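Asker: Enclosed is the structure file my_file-v1.pdb (PDB, C-alpha atoms).
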ATOM      1  CA  MET A   1     -38.006 -32.171 115.476  1.00  0.00           C
ATOM      2  CA  LYS A   2     -40.640 -34.633 114.266  1.00  0.00           C
ATOM      3  CA  ILE A   3     -40.509 -35.925 110.696  1.00  0.00           C
ATOM      4  CA  GLU A   4     -43.881 -34.303 109.962  1.00  0.00           C
ATOM      5  CA  GLU A   5     -42.478 -30.927 111.044  1.00  0.00           C
ATOM      6  CA  LEU A   6     -39.366 -31.385 108.881  1.00  0.00           C
ATOM      7  CA  VAL A   7     -41.456 -32.223 105.827  1.00  0.00           C
ATOM      8  CA  SER A   8     -43.742 -29.284 106.524  1.00  0.00           C
ATOM      9  CA  LYS A   9     -40.968 -26.721 107.024  1.00  0.00           C
ATOM     10  CA  ASN A  10     -38.855 -28.019 104.144  1.00  0.00           C
ATOM     11  CA  THR A  11     -41.812 -28.044 101.763  1.00  0.00           C
ATOM     12  CA  ARG A  12     -42.529 -24.380 102.506  1.00  0.00           C
ATOM     13  CA  ARG A  13     -38.837 -23.394 102.488  1.00  0.00           C
ATOM     14  CA  ILE A  14     -38.098 -25.071  99.160  1.00  0.00           C
ATOM     15  CA  ARG A  15     -41.378 -23.923  97.566  1.00  0.00           C
ATOM     16  CA  THR A  16     -40.833 -20.285  98.494  1.00  0.00           C
ATOM     17  CA  SER A  17     -37.143 -20.381  97.505  1.00  0.00           C
ATOM     18  CA  LYS A  18     -38.252 -21.501  94.037  1.00  0.00           C
ATOM     19  CA  GLY A  19     -40.884 -18.769  93.852  1.00  0.00           C
ATOM     20  CA  LEU A  20     -43.786 -21.214  93.658  1.00  0.00           C
ATOM     21  CA  SER A  21     -47.243 -20.584  95.065  1.00  0.00           C
ATOM     22  CA  GLN A  22     -49.108 -23.302  96.907  1.00  0.00           C
ATOM     23  CA  ALA A  23     -51.418 -23.560  93.884  1.00  0.00           C
ATOM     24  CA  GLU A  24     -48.465 -24.065  91.527  1.00  0.00           C
ATOM     25  CA  LEU A  25     -46.970 -26.736  93.784  1.00  0.00           C
ATOM     26  CA  ALA A  26     -50.360 -28.440  94.084  1.00  0.00           C
ATOM     27  CA  ALA A  27     -50.731 -28.525  90.295  1.00  0.00           C
ATOM     28  CA  ARG A  28     -47.188 -29.831  89.765  1.00  0.00           C
ATOM     29  CA  SER A  29     -47.694 -32.460  92.482  1.00  0.00           C
ATOM     30  CA  LYS A  30     -51.199 -33.391  91.324  1.00  0.00           C
ATOM     31  CA  LEU A  31     -52.475 -32.771  94.858  1.00  0.00           C
ATOM     32  CA  SER A  32     -55.084 -30.335  96.141  1.00  0.00           C
ATOM     33  CA  ILE A  33     -54.201 -26.812  97.257  1.00  0.00           C
ATOM     34  CA  ARG A  34     -55.976 -27.656 100.498  1.00  0.00           C
ATOM     35  CA  PHE A  35     -53.573 -30.571 101.083  1.00  0.00           C
ATOM     36  CA  VAL A  36     -50.468 -28.460 100.334  1.00  0.00           C
ATOM     37  CA  SER A  37     -51.710 -25.741 102.688  1.00  0.00           C
ATOM     38  CA  ALA A  38     -52.459 -28.272 105.423  1.00  0.00           C
ATOM     39  CA  LEU A  39     -49.075 -29.930 104.882  1.00  0.00           C
ATOM     40  CA  GLU A  40     -47.214 -26.649 105.284  1.00  0.00           C
ATOM     41  CA  ASN A  41     -49.139 -26.031 108.494  1.00  0.00           C
ATOM     42  CA  SER A  42     -48.091 -29.444 109.898  1.00  0.00           C
ATOM     43  CA  SER A  43     -51.623 -30.824 109.789  1.00  0.00           C
ATOM     44  CA  PRO A  44     -51.709 -34.118 107.866  1.00  0.00           C
ATOM     45  CA  ASN A  45     -49.842 -37.332 108.285  1.00  0.00           C
ATOM     46  CA  ILE A  46     -48.270 -37.555 104.861  1.00  0.00           C
ATOM     47  CA  THR A  47     -47.967 -40.831 102.998  1.00  0.00           C
ATOM     48  CA  ILE A  48     -44.786 -41.798 101.209  1.00  0.00           C
ATOM     49  CA  SER A  49     -46.544 -41.505  97.837  1.00  0.00           C
ATOM     50  CA  LYS A  50     -47.719 -37.959  98.624  1.00  0.00           C
ATOM     51  CA  MET A  51     -44.244 -37.055  99.854  1.00  0.00           C
ATOM     52  CA  ALA A  52     -42.846 -38.348  96.563  1.00  0.00           C
ATOM     53  CA  ALA A  53     -45.431 -36.282  94.669  1.00  0.00           C
ATOM     54  CA  ILE A  54     -44.454 -33.131  96.588  1.00  0.00           C
ATOM     55  CA  ALA A  55     -40.748 -33.794  95.952  1.00  0.00           C
ATOM     56  CA  LYS A  56     -41.442 -34.307  92.255  1.00  0.00           C
ATOM     57  CA  GLY A  57     -43.462 -31.088  92.160  1.00  0.00           C
ATOM     58  CA  LEU A  58     -40.532 -29.265  93.751  1.00  0.00           C
ATOM     59  CA  ASN A  59     -38.067 -31.004  91.407  1.00  0.00           C
ATOM     60  CA  GLU A  60     -36.123 -32.215  94.443  1.00  0.00           C
ATOM     61  CA  PRO A  61     -35.239 -35.649  95.837  1.00  0.00           C
ATOM     62  CA  VAL A  62     -37.507 -36.918  98.624  1.00  0.00           C
ATOM     63  CA  THR A  63     -34.546 -36.663 100.980  1.00  0.00           C
ATOM     64  CA  ALA A  64     -34.646 -32.862 100.633  1.00  0.00           C
ATOM     65  CA  LEU A  65     -37.950 -32.919 102.514  1.00  0.00           C
ATOM     66  CA  LEU A  66     -36.411 -34.877 105.385  1.00  0.00           C
ATOM     67  CA  LYS A  67     -33.251 -32.843 105.998  1.00  0.00           C
ATOM     68  CA  ASP A  68     -32.939 -30.869 109.184  1.00  0.00           C
ATOM     69  CA  PRO A  69     -32.345 -27.256 108.050  1.00  0.00           C
ATOM     70  CA  LYS A  70     -30.074 -26.701 111.053  1.00  0.00           C
ATOM     71  CA  SER A  71     -27.758 -29.527 110.018  1.00  0.00           C
ATOM     72  CA  VAL A  72     -27.881 -28.353 106.389  1.00  0.00           C
ATOM     73  CA  GLU A  73     -26.823 -24.851 107.455  1.00  0.00           C
ATOM     74  CA  SER A  74     -24.067 -26.268 109.666  1.00  0.00           C
ATOM     75  CA  SER A  75     -22.806 -28.318 106.727  1.00  0.00           C
ATOM     76  CA  ARG A  76     -22.792 -25.259 104.475  1.00  0.00           C
ATOM     77  CA  GLU A  77     -20.799 -23.278 107.026  1.00  0.00           C
ATOM     78  CA  PHE A  78     -18.352 -26.147 107.481  1.00  0.00           C
ATOM     79  CA  PHE A  79     -17.770 -26.593 103.747  1.00  0.00           C
ATOM     80  CA  ALA A  80     -17.503 -22.844 103.187  1.00  0.00           C
ATOM     81  CA  GLY A  81     -14.791 -22.786 105.854  1.00  0.00           C
ATOM     82  CA  MET A  82     -13.056 -25.773 104.284  1.00  0.00           C
ATOM     83  CA  LYS A  83     -13.155 -24.129 100.841  1.00  0.00           C
ATOM     84  CA  HIS A  84     -11.616 -20.982 102.311  1.00  0.00           C
ATOM     85  CA  CYS A  85      -8.803 -23.047 103.875  1.00  0.00           C
ATOM     86  CA  MET A  86      -8.216 -24.888 100.596  1.00  0.00           C
ATOM     87  CA  ASP A  87      -8.061 -21.570  98.718  1.00  0.00           C
ATOM     88  CA  ILE A  88      -5.407 -20.296 101.139  1.00  0.00           C
ATOM     89  CA  ILE A  89      -3.378 -23.515 100.782  1.00  0.00           C
ATOM     90  CA  GLN A  90      -3.671 -23.405  96.975  1.00  0.00           C
ATOM     91  CA  HIS A  91      -2.541 -19.774  96.932  1.00  0.00           C
ATOM     92  CA  ASP A  92       0.423 -20.611  99.170  1.00  0.00           C
ATOM     93  CA  ILE A  93       1.434 -23.541  96.926  1.00  0.00           C
ATOM     94  CA  GLN A  94       1.324 -21.340  93.826  1.00  0.00           C
ATOM     95  CA  ARG A  95       3.327 -18.617  95.577  1.00  0.00           C
ATOM     96  CA  ARG A  96       6.005 -21.137  96.588  1.00  0.00           C
ATOM     97  CA  LYS A  97       6.216 -22.541  93.035  1.00  0.00           C
ATOM     98  CA  LYS A  98       6.842 -19.016  91.676  1.00  0.00           C
ATOM     99  CA  LYS A  99       9.734 -18.518  94.112  1.00  0.00           C
ATOM    100  CA  LYS A 100      11.557 -21.592  92.801  1.00  0.00           C
TER     101      LYS A 100
END
As a first step, turn the structure in this file into C-alpha coordinates.
Answerer:
Amino acid sequence: MKIEELVSKNTRRIRTSKGLSQAELAARSKLSIRFVSALENSSPNITISKMAAIAKGLNEPVTALLKDPKSVESSREFFAGMKHCMDIIQHDIQRRKKKK
(Lines of atoms letter the chains of each structure in order from A and count residues from 1; the text may use other names and numbers.)
(Lines give C-alpha, C1' and ligand atoms only; values in the text may rest on other atoms or scores of the structure.)
Protein backbone atom coordinates (compact mmCIF):
# COMPACT_ATOMS: atom_id res chain seq x y z
CA MET A 1 0.00 0.00 0.00
CA LYS A 2 1.30 3.47 -0.87
CA ILE A 3 2.08 5.93 1.91
CA GLU A 4 -0.63 8.29 0.62
CA GLU A 5 -3.19 5.49 0.94
CA LEU A 6 -2.04 4.66 4.48
CA VAL A 7 -2.33 8.29 5.56
CA SER A 8 -5.73 8.55 3.92
CA LYS A 9 -7.17 5.37 5.44
CA ASN A 10 -5.65 5.98 8.87
CA THR A 11 -6.89 9.57 8.97
CA ARG A 12 -10.46 8.42 8.31
CA ARG A 13 -10.19 5.41 10.65
CA ILE A 14 -8.82 7.41 13.56
CA ARG A 15 -11.16 10.37 12.96
CA THR A 16 -14.27 8.20 12.91
CA SER A 17 -13.12 6.13 15.91
CA LYS A 18 -12.88 9.38 17.88
CA GLY A 19 -16.32 10.50 16.70
CA LEU A 20 -14.99 13.55 14.87
CA SER A 21 -16.52 15.02 11.73
CA GLN A 22 -14.33 16.20 8.89
CA ALA A 23 -15.24 19.77 9.86
CA GLU A 24 -14.11 19.19 13.46
CA LEU A 25 -10.83 17.65 12.31
CA ALA A 26 -10.29 20.52 9.87
CA ALA A 27 -10.83 23.07 12.63
CA ARG A 28 -8.53 21.24 15.06
CA SER A 29 -5.87 20.87 12.35
CA LYS A 30 -6.29 24.43 11.06
CA LEU A 31 -6.82 23.05 7.55
CA SER A 32 -9.78 23.37 5.20
CA ILE A 33 -12.65 20.88 5.20
CA ARG A 34 -12.01 20.52 1.48
CA PHE A 35 -8.42 19.40 2.18
CA VAL A 36 -9.49 16.87 4.85
CA SER A 37 -12.14 15.46 2.50
CA ALA A 38 -9.65 15.23 -0.36
CA LEU A 39 -7.07 13.64 1.94
CA GLU A 40 -9.49 10.94 3.07
CA ASN A 41 -10.27 10.22 -0.58
CA SER A 42 -6.55 9.77 -1.39
CA SER A 43 -6.42 12.87 -3.57
CA PRO A 44 -3.61 15.19 -2.42
CA ASN A 45 0.06 14.65 -1.94
CA ILE A 46 0.33 15.62 1.70
CA THR A 47 3.26 17.61 3.03
CA ILE A 48 4.96 16.68 6.27
CA SER A 49 3.67 19.88 7.91
CA LYS A 50 0.07 19.07 6.93
CA MET A 51 0.51 15.50 8.14
CA ALA A 52 1.75 16.88 11.46
CA ALA A 53 -1.27 19.20 11.60
CA ILE A 54 -3.66 16.29 10.98
CA ALA A 55 -1.92 14.19 13.65
CA LYS A 56 -2.15 17.07 16.11
CA GLY A 57 -5.83 17.52 15.29
CA LEU A 58 -6.38 13.82 15.97
CA ASN A 59 -4.26 14.00 19.14
CA GLU A 60 -2.10 11.18 17.79
CA PRO A 61 1.59 10.86 16.88
CA VAL A 62 2.41 11.28 13.18
CA THR A 63 3.43 7.63 13.13
CA ALA A 64 -0.20 6.63 13.71
CA LEU A 65 -0.98 7.94 10.23
CA LEU A 66 1.73 5.76 8.69
CA LYS A 67 0.93 2.41 10.31
CA ASP A 68 -0.40 -0.38 8.16
CA PRO A 69 -3.74 -1.35 9.77
CA LYS A 70 -3.13 -4.98 8.82
CA SER A 71 0.13 -5.11 10.76
CA VAL A 72 -1.48 -3.25 13.67
CA GLU A 73 -4.28 -5.83 13.81
CA SER A 74 -1.78 -8.68 13.58
CA SER A 75 0.17 -7.16 16.47
CA ARG A 76 -2.99 -6.85 18.56
CA GLU A 77 -3.86 -10.49 17.93
CA PHE A 78 -0.32 -11.59 18.77
CA PHE A 79 -0.20 -9.64 22.03
CA ALA A 80 -3.70 -10.75 23.00
CA GLY A 81 -2.53 -14.34 22.53
CA MET A 82 0.62 -13.67 24.52
CA LYS A 83 -1.40 -12.10 27.35
CA HIS A 84 -3.66 -15.15 27.42
CA CYS A 85 -0.60 -17.44 27.68
CA MET A 86 0.88 -15.30 30.45
CA ASP A 87 -2.42 -15.40 32.35
CA ILE A 88 -2.44 -19.21 32.16
CA ILE A 89 1.19 -19.40 33.35
CA GLN A 90 0.49 -16.95 36.20
CA HIS A 91 -2.55 -18.97 37.27
CA ASP A 92 -0.51 -22.18 37.20
CA ILE A 93 2.27 -20.60 39.30
CA GLN A 94 -0.24 -19.41 41.91
CA ARG A 95 -1.91 -22.83 41.99
CA ARG A 96 1.45 -24.54 42.56
CA LYS A 97 2.37 -22.10 45.36
CA LYS A 98 -0.91 -22.93 47.16
CA LYS A 99 -0.12 -26.66 47.02
CA LYS A 100 3.18 -26.18 48.86
Asker: Quick one: which residues end up in the PyMOL selection byres ((chain A and resi 6) around 12) for this structure, as a ChimeraX atom specification?
Answerer: /A:1-5,7-14,39-42,46,51,62-71
Asker: Can you work out which one of A:His91, A:Ile54, A:Pro61, A:Leu20 has the shortest atom-to-atom distance to A:Val36, counting all atoms listed in the file?
Answerer: A:Ile54
Asker: Figure out the distance between atom CA of A:Asn45 and atom CA of A:Gly19, please, to one decimal in Å.
Answerer: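 Between these atoms lies a distance of 25.2 Å.
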Asker: Give me, please, the distance in Å between atom CA of A:Ser17 and atom CA of A:Lys83, quoted to one decimal.
Answerer: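 Going from atom CA of A:Ser17 over to atom CA of A:Lys83 covers 24.5 Å.
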Asker: Could you state the separation of atom CA of A:Ile33 and atom CA of A:Lys18 in Å, given to one decimal place?
Answerer: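 Taking atom CA of A:Ile33 and atom CA of A:Lys18, their separation equals 17.1 Å.
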Asker: Run the PyMOL selection byres ((chain A and resi 22-25) around 7) mentally over the shown coordinates, then write out the matched residues as an MDAnalysis selection string, using the chain letters and numbers from the document.
Answerer: chainID A and resid 20:21 26:29 33 36:37 57:58
Asker: Please define a box with edges along x, y and z of the file around all atoms of stretch 1-19 of chain A given in the file, extend it by 8 Å on each side, and return its centre and edge lengths in Å to one decimal, as JSON.
Answerer:
{"center_x": -40.5, "center_y": -27.3, "center_z": 104.7, "size_x": 22.7, "size_y": 33.2, "size_z": 37.6}
